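Engineer: Structure incoming, see below.
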Amino acid sequence: MLKNILVIGGAGYIGSHVVRALSAQGYTPVVLDNLSKGHREAVSHVPFEQGNLQDKPLLTKIFNRYHIDAVMHFAAFIDVGESVKKPEMYFQNNTTHVRYLLEAMAENKIAYFIFSSTAAIFGEPVKEKIDENHPKNPINPYGKSKWMTEKMLEDFDTAYGLKSTALRYFNACGADDSGDIGESHSPETHLIPLVLQAAAGKREYIRIFGTDYPTPDGTCIRDYVHVNDLARAHILALEKMEKDNVSERFNLGSGNGYSVAQIIHEAKKITGVDFMVKNAPRRAGDPAVLVADSSKAERLLGWKPQYDLTRMIQTAWNWEKNRKY
């Protein structure tokens, strides 16, 4: 059985929830994080190493010291707008640094890798629900950097037998039910935490970018999936990869679309706060609708999201009210 799992970027939002899920399932997670975005407090209960992926001697030392069986990667830069302004940062961190990691894995005969990918690899949707075979035409450097890494993974499988599973998230949200860990980005760009910060009085208002989209209420529709549902998918993917020894790609979403206006309405209901909302022009590159077809993950992994929208926002609100970091 794969036992010792190196979690790159494990002190970040999704990584820390996966670390907790791994521990609960009897795995031994080891975190490598440079803490440029992550929070040490989120993973205080597991072995921790601070460093960077371009430090190959450090990687080799970690692989040997902890007898690592598989690696998970959560250390990407994720701000689409920033990627447009500073594309070199995104290709270096999200692609080149992963190449260093894969080289070190191949040299140390570590054969299993799970990669946090993104729905941004698809670009503008050409059908209502996006499955794994949807055309890949990323429209920003963030999506391009992830797609380039997915292609690189195919070649490392061919050349070295390094098996990988790429999990393409749609809109990750929510926080652990305990309220101990949650979403904490700086700056924050995700809708649900921004809305809840307005409810908590940390922002004067929330903006809706575009109210004239071809959707029922005119605002963009997105697919939200709870971070603990994502964490469960990582463990199921790890088990399948070990069992079948094949590389796979999965889209992970709830399969349900919620508009910006619906999110705001639900947040006001849950928080009891009628915070201010302002309308703003559309942002360039925002598709009207992005919803996942996750039937492949359900069929091959037995994965189905367990959190509905109310519970997703409620856990995020519990975290926002009692934020630890």
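Ordering of the structure tokens sets the chain letters (A, B, ...); residue numbers start at 1 within each chain; ligands are numbered from 1 in the order shown.
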Using only C-alpha atoms, which residues sit within 9 Å of segment 178-183 of chain A once same-chain residues fewer than 3 positions away are excluded, as a list of chain:residue names?
Structural biologist: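 Final neighbour list, sorted by chain and number: A:Gly12, A:Tyr13, A:Ile14, A:Ser16, A:His17, A:Glu41, A:Ala42, A:Cys173, A:Gly174, A:Ala175, A:Glu188, A:Pro193, A:Val227, A:Thr315, A:Ala316, A:Asn318, A:Trp319, A:Glu320, A:Asn322, A:Arg323, A:Lys324, A:Tyr325.
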Engineer: Would you give me, as number ranges by chain, the residues in segment 79-301 of chain A that DSSP reads as alpha helix (DSSP H)?
Structural biologist: A: 80-85, 87-91, 97-107, 141-160, 191-199, 227-244, 260-271, 295-301
Engineer: So that I can see what lies close to Met1 of chain A, please list as a PyMOL selection string the residues with an atom at most 12 Å from it, counting only C-alpha atoms and leaving out residues fewer than 4 positions away in the same chain.
Structural biologist: chain A and resi 5+26-28+68-70+238-243
Engineer: List the neighbours of segment 196-200 of chain A out to 10 Å using only C-alpha atoms; skip same-chain residues closer than 3 positions along the sequence, and give me the result as a ChimeraX atom specification.
Structural biologist: /A:188,191-193,203-206,264,267-268,270-277,313-314,316-321
Engineer: Determine, counting only C-alpha atoms, which protein, DNA and RNA residues have an atom within 9 Å of an atom of Asn93 of chain A; residues of the same chain fewer than 5 positions away are not included. Present the result as a PyMOL selection string.
Structural biologist: chain A and resi 53+75-77+88+98+145
Engineer: Looking at only C-alpha atoms, which of A:Ser44, A:Thr95, A:Thr149, A:Ser294 is the one that sits closest to Asn256 of chain A?
Structural biologist: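 Counting only C-alpha atoms, the residue closest to Asn256 of chain A is A:Ser294.
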Engineer: Quick check for you: according to DSSP on this backbone, which residues of segment 97-163 of chain A are classed as strand (DSSP E)? Reply as a compact mmCIF listing (two decimals) with N, CA and C atoms, in the first residue's frame.
Structural biologist:
```
# COMPACT_ATOMS: atom_id res chain seq x y z
N TYR A 112 4.24 7.56 -8.61
CA TYR A 112 2.85 8.00 -8.55
C TYR A 112 2.75 9.48 -8.21
N PHE A 113 1.97 10.20 -9.02
CA PHE A 113 1.89 11.65 -8.88
C PHE A 113 0.45 12.11 -9.10
N ILE A 114 -0.06 12.95 -8.20
CA ILE A 114 -1.37 13.55 -8.38
C ILE A 114 -1.19 15.06 -8.52
N PHE A 115 -1.75 15.59 -9.61
CA PHE A 115 -1.54 16.98 -9.98
C PHE A 115 -2.84 17.76 -9.90
N SER A 116 -2.83 18.88 -9.16
CA SER A 116 -3.98 19.77 -9.13
C SER A 116 -4.02 20.56 -10.43
N SER A 117 -4.95 20.20 -11.28
CA SER A 117 -5.12 20.96 -12.51
C SER A 117 -6.35 21.86 -12.37
N THR A 118 -6.90 22.32 -13.47
CA THR A 118 -7.94 23.34 -13.38
C THR A 118 -8.85 23.31 -14.60
N LYS A 129 -22.06 21.31 -20.48
CA LYS A 129 -21.29 20.69 -19.40
C LYS A 129 -19.96 20.19 -19.96
N ILE A 130 -18.91 20.43 -19.21
CA ILE A 130 -17.55 20.18 -19.70
C ILE A 130 -17.06 18.83 -19.19
N LYS A 163 3.37 7.36 -13.32
CA LYS A 163 1.91 7.43 -13.47
C LYS A 163 1.38 8.68 -12.77
```
Engineer: Can you work out which one of A:Asp79, A:Asp286, A:Asp176, A:Glu248 has the shortest atom-to-atom distance to Leu300 of chain A, counting only C-alpha atoms?
Structural biologist: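 Going through A:Asp79, A:Asp286, A:Asp176, A:Glu248 one by one, the smallest distance to Leu300 of chain A is for A:Glu248.
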Engineer: Using only C-alpha atoms for the distances, tell me which of A:Phe250, A:Tyr100, A:Tyr160, A:Tyr169 is nearest to Lys296 of chain A.
Structural biologist: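 Distance minimum relative to Lys296 of chain A lands on A:Phe250.
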Engineer: Point out the residue among A:Val19, A:Ala11, A:Val30, A:Ala231 with the least atom-to-atom distance to His67 of chain A, counting only C-alpha atoms.
Structural biologist: A:Val30
